[in-house]
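Below: one structure, written as structure tokens.
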Amino acid sequence: MNRGLLWFRTDLRLSDHLALQAAMDNHAEIVPVYVLDEQWLGEDEWGFQRTGPYRMKFLLECLHDLKEHLKEIGSNLIIKKGNPADILPQIAEQYNCTTVYCSKEYTYEEIKVEKAIEEDLSVEYFHNSPMIHPEDVTFPIEKMPEVFTRFRGKVEKYSEVRDIFSSPEKVNSPSLEDTPVPSLTQMGYEPIEEDNRAVMPFKGGALEAWKRVEHYFWNTEKLSVYKETRNGMIGADYSSKFSPWLAHGCISARAIYHEVEKYEEEVEKNKSTYWLKFELLWRDFFKFTAMRYGSKIFFPEGIKEEPRTWKYNPKTVRKWIEGETGDELVDANMKELKLTGFMSNRGRQNVASYLVHRLNQDWRAGAAWFESMLIDYDVTSNYGNWIYAAGVGNDPRDRVFNTKRQADMYDKDGAFRNLWLKHANVKS
Ligand SMILES: Cc1cc2nc3c(=O)[nH]c(=O)nc-3n(C[C@H](O)[C@H](O)[C@H](O)COP(=O)(O)OP(=O)(O)OC[C@H]3O[C@@H](n4cnc5c(N)ncnc54)[C@H](O)[C@@H]3O)c2cc1C
């Protein structure tokens, strides 16, 4: 019997999974595989661990959840560590798989792996990550509007978010090697000390993603006030906190969009409910930017034409990382990131602007630190936002933040700065 190999990437779910669906349509049996890709386990050129402890912990939880779910419906998840281009052909041969099914990625390293796999195997790709399917826009990708407002205008007018479908009730697989999910320590990481000042505990997996939707939409109806609270910095509910689950693909952006529509029908429709969809479009905007500009989003000059050079002083950048710049808003945010793996959107904009425009340092060092630390690191959102903040992206305006004014506006009573600069973590 020829089988389909389902290669999981940043799509760690079974519902609304186009590649899984296609594999099941074409094959009686499926072989689900995840590879802990060694290229993301080492250090980067700045000396940062590419996948820091918070994201690794979250990822392992996602894998655990996915494996359990697959086992419940008759299958399993093979987990390997190494290079997917070496591992997938071996597994394909072992289980007689003719085709690999996977989600499409849009950035340099991810595409390099795809090309390497294509040398040995036939691969079918599916757009599982963007909310708007790239075939459903009215412009060719190379003519995508450069400015978000125009992109949004076109997409909102002419494109629809596709319907979603639920998890299969059964996935048939041959008897698969039962590879356990490694622990954080087996992956070479120290155990994480939880910080009670964190916005919330994040736990990976589709089950937890839907619990968060349940909480934010249906139990607390916080969605109704999202637009007013979204610039907050303390606590679980000032914003949706969907980003870690979206980044790992535990839930699709399409599913969240349709859940907002349901909420609009059943609870209320207002500017806040619209604004969550609006923010999800920003996420798409950066995915489309990566599709259009390729590796440029990693260049010093970003998507601009004129070459740019940047200063890099390791000591200055280290002070920024440690939250020791002397600017309280920046320092509080940077401490939060280092101690928890999360930072609010307001914080991210301020610290990015400060690194680039105030400390005059290479934005790529900041992006790399974010990549290492963020639980919700998503290559296109991270690099897209960083080039934007550095003035080498799609923004026509110069976005320099006055951090003192920002602190007065968004942390009037100093509660956020006090939390991270004056209070200690209370160990339970
Ligand atoms: C320098 C910088 C780096 C960033 N790096 C990342 C990253 O690696 N991963 C990531 O998911 N987001 C990144 N963001 C965007 C944004 O800060 C986070 O998505 C948001 O803070 C996550 O919290 P939330 O889920 O509660 O967001 P909400 O405010 O509840 O928004 C809902 C969702 O919309 C999307 N979204 C919101 N704002 C943006 C934005 N500016 N760009 C892209 N998508 C957005 C996210 O998927 C988010 O989960 C970055 C922003 C900046 C300024």
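The way I read the labels, and the way they are meant: chains A, B, ... in the order of the structure tokens, residue 1 as the first residue of every chain, and ligand 1 as the first ligand shown, with later ones counted on from there.
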
Output as a Markdown table one row per residue of chain A within 8 Å of ligand 1: the closest atom pair and its distance in Å to one decimal place, counting only C-alpha atoms and all ligand atoms, sorted by chain and residue number ascending.
```
| residue | atom | partner | partner_atom_place_in_ligand_line | distance |
| --- | --- | --- | --- | --- |
| A:Tyr226 | CA | ligand 1 | 30 (O) | 7.6 |
| A:Arg230 | CA | ligand 1 | 29 (O) | 5.5 |
| A:Asn231 | CA | ligand 1 | 29 (O) | 7.8 |
| A:Tyr238 | CA | ligand 1 | 26 (O) | 7.4 |
| A:Ser239 | CA | ligand 1 | 26 (O) | 4.1 |
| A:Ser240 | CA | ligand 1 | 30 (O) | 3.5 |
| A:Lys241 | CA | ligand 1 | 26 (O) | 3.2 |
| A:Phe242 | CA | ligand 1 | 25 (O) | 4.0 |
| A:Ser243 | CA | ligand 1 | 49 (O) | 3.4 |
| A:Pro244 | CA | ligand 1 | 11 (O) | 6.6 |
| A:Leu246 | CA | ligand 1 | 47 (O) | 6.1 |
| A:Ala247 | CA | ligand 1 | 11 (O) | 5.8 |
| A:Ala253 | CA | ligand 1 | 47 (O) | 7.7 |
| A:Leu276 | CA | ligand 1 | 32 (C) | 5.6 |
| A:Lys277 | CA | ligand 1 | 34 (O) | 7.5 |
| A:Phe278 | CA | ligand 1 | 34 (O) | 7.6 |
| A:Glu279 | CA | ligand 1 | 34 (O) | 4.2 |
| A:Leu280 | CA | ligand 1 | 34 (O) | 4.1 |
| A:Leu281 | CA | ligand 1 | 44 (N) | 7.3 |
| A:Trp282 | CA | ligand 1 | 43 (C) | 4.8 |
| A:Arg283 | CA | ligand 1 | 44 (N) | 3.5 |
| A:Asp284 | CA | ligand 1 | 44 (N) | 7.3 |
| A:Phe285 | CA | ligand 1 | 43 (C) | 7.7 |
| A:Phe286 | CA | ligand 1 | 43 (C) | 6.6 |
| A:Met343 | CA | ligand 1 | 21 (O) | 6.6 |
| A:Ser344 | CA | ligand 1 | 21 (O) | 4.6 |
| A:Asn345 | CA | ligand 1 | 17 (O) | 3.5 |
| A:Arg346 | CA | ligand 1 | 17 (O) | 7.1 |
| A:Gly347 | CA | ligand 1 | 53 (C) | 7.7 |
| A:Arg348 | CA | ligand 1 | 53 (C) | 4.4 |
| A:Gln349 | CA | ligand 1 | 53 (C) | 4.1 |
| A:Asn350 | CA | ligand 1 | 53 (C) | 7.7 |
| A:Val351 | CA | ligand 1 | 1 (C) | 7.7 |
| A:Ala352 | CA | ligand 1 | 1 (C) | 5.3 |
| A:Ala367 | CA | ligand 1 | 1 (C) | 7.0 |
| A:Phe370 | CA | ligand 1 | 8 (O) | 6.9 |
| A:Glu371 | CA | ligand 1 | 8 (O) | 6.5 |
| A:Leu374 | CA | ligand 1 | 8 (O) | 6.5 |
| A:Asp376 | CA | ligand 1 | 9 (N) | 4.8 |
| A:Tyr377 | CA | ligand 1 | 8 (O) | 3.4 |
| A:Asp378 | CA | ligand 1 | 8 (O) | 4.1 |
| A:Val379 | CA | ligand 1 | 8 (O) | 6.0 |
| A:Thr380 | CA | ligand 1 | 8 (O) | 7.3 |
| A:Ser381 | CA | ligand 1 | 43 (C) | 4.7 |
| A:Asn382 | CA | ligand 1 | 5 (N) | 3.4 |
| A:Tyr383 | CA | ligand 1 | 3 (C) | 6.9 |
| A:Gly384 | CA | ligand 1 | 42 (N) | 7.5 |
| A:Asn385 | CA | ligand 1 | 2 (C) | 4.7 |
| A:Trp386 | CA | ligand 1 | 1 (C) | 4.5 |
| A:Ala389 | CA | ligand 1 | 1 (C) | 6.5 |
```

Would you mind listing what lies within 12 Å of segment 175-187 of chain A as a VMD selection string, with only C-alpha atoms counted and same-chain residues fewer than 6 positions away left out?
-> chain A and resid 5 29 to 38 41 to 42 51 to 68 70 to 71 74 to 81 91 94 to 95

Please provide the set of residues having any atom within 10 Å of His258 of chain A, restricted to only C-alpha atoms, with same-chain residues fewer than 3 positions apart removed, written as number ranges by chain.
-> A: 161-164, 253-255, 261-264, 277

Write out as a list in words the residues lying within 12 Å of Asp120 of chain A, counting only C-alpha atoms and excluding same-chain residues fewer than 5 positions away.
-> Pro84, Ala85, Asp86, Ile87, Leu88, Pro89, Gln90, Ile91, Ala92, Glu93, Cys97, Thr98, Thr99, Val100, Val113, Glu114 and Lys115 of chain A

Skip Gly393 of chain A itself and residues of its chain fewer than 6 positions away, then list as a compact mmCIF listing (two decimals) with C-alpha atoms, in the first residue's frame all residues within 10 Å of it, counting only C-alpha atoms.
```
# COMPACT_ATOMS: atom_id res chain seq x y z
CA GLU A 146 3.17 47.89 -0.17
CA VAL A 147 1.30 49.82 2.44
CA THR A 289 5.33 40.72 2.39
CA LYS A 296 14.96 40.88 1.72
CA ILE A 297 13.11 40.98 5.01
CA GLU A 301 18.18 47.60 4.29
CA GLY A 302 15.03 45.46 4.51
CA ILE A 303 12.82 45.85 1.47
CA LYS A 304 14.32 49.22 0.56
CA TYR A 383 11.04 40.32 10.87
CA GLY A 384 8.16 42.20 9.24
CA ASN A 385 7.56 44.24 12.38
CA TRP A 386 11.28 44.81 12.94
CA ILE A 387 11.96 46.18 9.46
```

Which of segment 102-342 of chain A counts as alpha helix (DSSP H) under DSSP, as a VMD selection string please?
-> chain A and resid 108 to 118 148 to 158 206 to 213 226 to 229 243 to 248 253 to 266 271 to 293 314 to 322 328 to 340

Output of the above residues as a JSON list (two decimals), in the first residue's frame, restricted to C-alpha atoms:
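Once written, selection07.json looks like this:
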```
[["chain", "number", "residue", "atom", "x", "y", "z"],
["A", 108, "TYR", "CA", 14.54, 31.55, 3.35],
["A", 109, "GLU", "CA", 15.53, 28.75, 5.72],
["A", 110, "GLU", "CA", 12.13, 27.09, 5.53],
["A", 111, "ILE", "CA", 12.18, 27.16, 1.72],
["A", 112, "LYS", "CA", 15.73, 25.81, 1.68],
["A", 113, "VAL", "CA", 14.54, 22.74, 3.61],
["A", 114, "GLU", "CA", 11.61, 22.35, 1.21],
["A", 115, "LYS", "CA", 13.96, 22.37, -1.79],
["A", 116, "ALA", "CA", 16.27, 19.82, -0.16],
["A", 117, "ILE", "CA", 13.35, 17.47, 0.51],
["A", 118, "GLU", "CA", 12.06, 17.89, -3.03],
["A", 148, "PHE", "CA", -0.91, 48.04, 4.94],
["A", 149, "THR", "CA", -3.92, 50.34, 4.50],
["A", 150, "ARG", "CA", -4.10, 49.58, 0.80],
["A", 151, "PHE", "CA", -3.52, 45.86, 1.33],
["A", 152, "ARG", "CA", -6.32, 45.80, 3.90],
["A", 153, "GLY", "CA", -8.63, 47.80, 1.64],
["A", 154, "LYS", "CA", -8.23, 45.35, -1.22],
["A", 155, "VAL", "CA", -8.45, 42.23, 0.89],
["A", 156, "GLU", "CA", -11.46, 43.39, 2.88],
["A", 157, "LYS", "CA", -13.29, 44.34, -0.28],
["A", 158, "TYR", "CA", -12.52, 41.42, -2.53],
["A", 206, "ALA", "CA", -4.73, 22.92, 20.28],
["A", 207, "LEU", "CA", -6.74, 22.07, 23.38],
["A", 208, "GLU", "CA", -5.24, 25.02, 25.26],
["A", 209, "ALA", "CA", -5.68, 27.31, 22.25],
["A", 210, "TRP", "CA", -9.41, 26.65, 22.21],
["A", 211, "LYS", "CA", -9.60, 27.07, 26.01],
["A", 212, "ARG", "CA", -8.11, 30.53, 25.54],
["A", 213, "VAL", "CA", -10.69, 31.37, 22.85],
["A", 226, "TYR", "CA", -10.47, 44.62, 22.88],
["A", 227, "LYS", "CA", -9.95, 47.92, 21.08],
["A", 228, "GLU", "CA", -9.94, 49.86, 24.36],
["A", 229, "THR", "CA", -7.68, 47.46, 26.26],
["A", 243, "SER", "CA", -0.14, 34.68, 19.31],
["A", 244, "PRO", "CA", 1.80, 31.68, 20.75],
["A", 245, "TRP", "CA", -0.89, 29.27, 19.53],
["A", 246, "LEU", "CA", -1.13, 30.99, 16.16],
["A", 247, "ALA", "CA", 2.64, 30.95, 15.74],
["A", 248, "HIS", "CA", 2.77, 27.20, 16.33],
["A", 253, "ALA", "CA", -6.28, 32.29, 11.93],
["A", 254, "ARG", "CA", -9.27, 31.26, 9.79],
["A", 255, "ALA", "CA", -10.82, 29.52, 12.79],
["A", 256, "ILE", "CA", -10.37, 32.59, 14.99],
["A", 257, "TYR", "CA", -11.87, 34.81, 12.29],
["A", 258, "HIS", "CA", -14.97, 32.60, 12.04],
["A", 259, "GLU", "CA", -15.24, 32.46, 15.83],
["A", 260, "VAL", "CA", -15.27, 36.29, 15.88],
["A", 261, "GLU", "CA", -18.07, 36.25, 13.31],
["A", 262, "LYS", "CA", -20.01, 33.82, 15.48],
["A", 263, "TYR", "CA", -19.48, 36.12, 18.46],
["A", 264, "GLU", "CA", -20.69, 39.05, 16.39],
["A", 265, "GLU", "CA", -23.90, 37.17, 15.66],
["A", 266, "GLU", "CA", -24.48, 35.79, 19.12],
["A", 271, "LYS", "CA", -15.39, 48.20, 16.76],
["A", 272, "SER", "CA", -13.50, 45.84, 19.06],
["A", 273, "THR", "CA", -14.72, 42.70, 17.34],
["A", 274, "TYR", "CA", -13.71, 44.25, 14.02],
["A", 275, "TRP", "CA", -10.32, 45.23, 15.43],
["A", 276, "LEU", "CA", -9.29, 41.68, 16.20],
["A", 277, "LYS", "CA", -9.90, 40.77, 12.56],
["A", 278, "PHE", "CA", -7.96, 43.89, 11.60],
["A", 279, "GLU", "CA", -4.96, 42.76, 13.66],
["A", 280, "LEU", "CA", -5.11, 39.31, 12.11],
["A", 281, "LEU", "CA", -4.83, 41.05, 8.75],
["A", 282, "TRP", "CA", -1.56, 42.61, 9.92],
["A", 283, "ARG", "CA", -0.32, 39.08, 10.48],
["A", 284, "ASP", "CA", -1.29, 38.24, 6.90],
["A", 285, "PHE", "CA", 0.25, 41.43, 5.60],
["A", 286, "PHE", "CA", 3.67, 40.33, 6.86],
["A", 287, "LYS", "CA", 3.21, 36.85, 5.41],
["A", 288, "PHE", "CA", 2.38, 38.34, 2.03],
["A", 289, "THR", "CA", 5.33, 40.72, 2.39],
["A", 290, "ALA", "CA", 7.61, 37.69, 2.84],
["A", 291, "MET", "CA", 6.03, 36.00, -0.18],
["A", 292, "ARG", "CA", 6.68, 39.09, -2.24],
["A", 293, "TYR", "CA", 10.11, 40.18, -1.03],
["A", 314, "PRO", "CA", 27.67, 44.27, 21.79],
["A", 315, "LYS", "CA", 27.82, 46.09, 25.16],
["A", 316, "THR", "CA", 25.06, 48.52, 24.20],
["A", 317, "VAL", "CA", 22.86, 45.72, 22.90],
["A", 318, "ARG", "CA", 23.56, 43.65, 26.05],
["A", 319, "LYS", "CA", 22.30, 46.55, 28.21],
["A", 320, "TRP", "CA", 19.13, 46.66, 26.16],
["A", 321, "ILE", "CA", 18.68, 42.89, 26.52],
["A", 322, "GLU", "CA", 19.20, 42.96, 30.28],
["A", 328, "GLU", "CA", 12.29, 52.64, 32.66],
["A", 329, "LEU", "CA", 9.66, 51.68, 30.10],
["A", 330, "VAL", "CA", 12.23, 49.94, 27.91],
["A", 331, "ASP", "CA", 13.93, 48.24, 30.85],
["A", 332, "ALA", "CA", 10.68, 46.93, 32.34],
["A", 333, "ASN", "CA", 9.64, 45.48, 29.01],
["A", 334, "MET", "CA", 13.02, 43.90, 28.32],
["A", 335, "LYS", "CA", 13.03, 42.28, 31.75],
["A", 336, "GLU", "CA", 9.58, 40.89, 31.12],
["A", 337, "LEU", "CA", 10.75, 39.37, 27.84],
["A", 338, "LYS", "CA", 13.84, 37.77, 29.35],
["A", 339, "LEU", "CA", 12.01, 36.37, 32.35],
["A", 340, "THR", "CA", 8.81, 35.19, 30.69]]
```

Hey, which of A:Tyr101, A:Ala28, A:Ala365, A:Leu355 ends up closest to Ser122 of chain A? Count only C-alpha atoms.
-> A:Tyr101

Point-to-point distance in Å for atom CA of Ser129 of chain A and atom CA of Leu18 of chain A |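 One can read the atom CA of Leu18 of chain A to atom CA of Ser129 of chain A distance as 10.1 Å.
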
Nearest residue to Leu12 of chain A from the set A:Gly204, A:Pro174, A:Pro168, A:Gly249 (distances using only C-alpha atoms) |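 Going through A:Gly204, A:Pro174, A:Pro168, A:Gly249 one by one, the smallest distance to Leu12 of chain A is for A:Gly249.
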
How many Å separate atom CA of Glu190 of chain A from atom CA of Met373 of chain A?
-> 14.5 Å
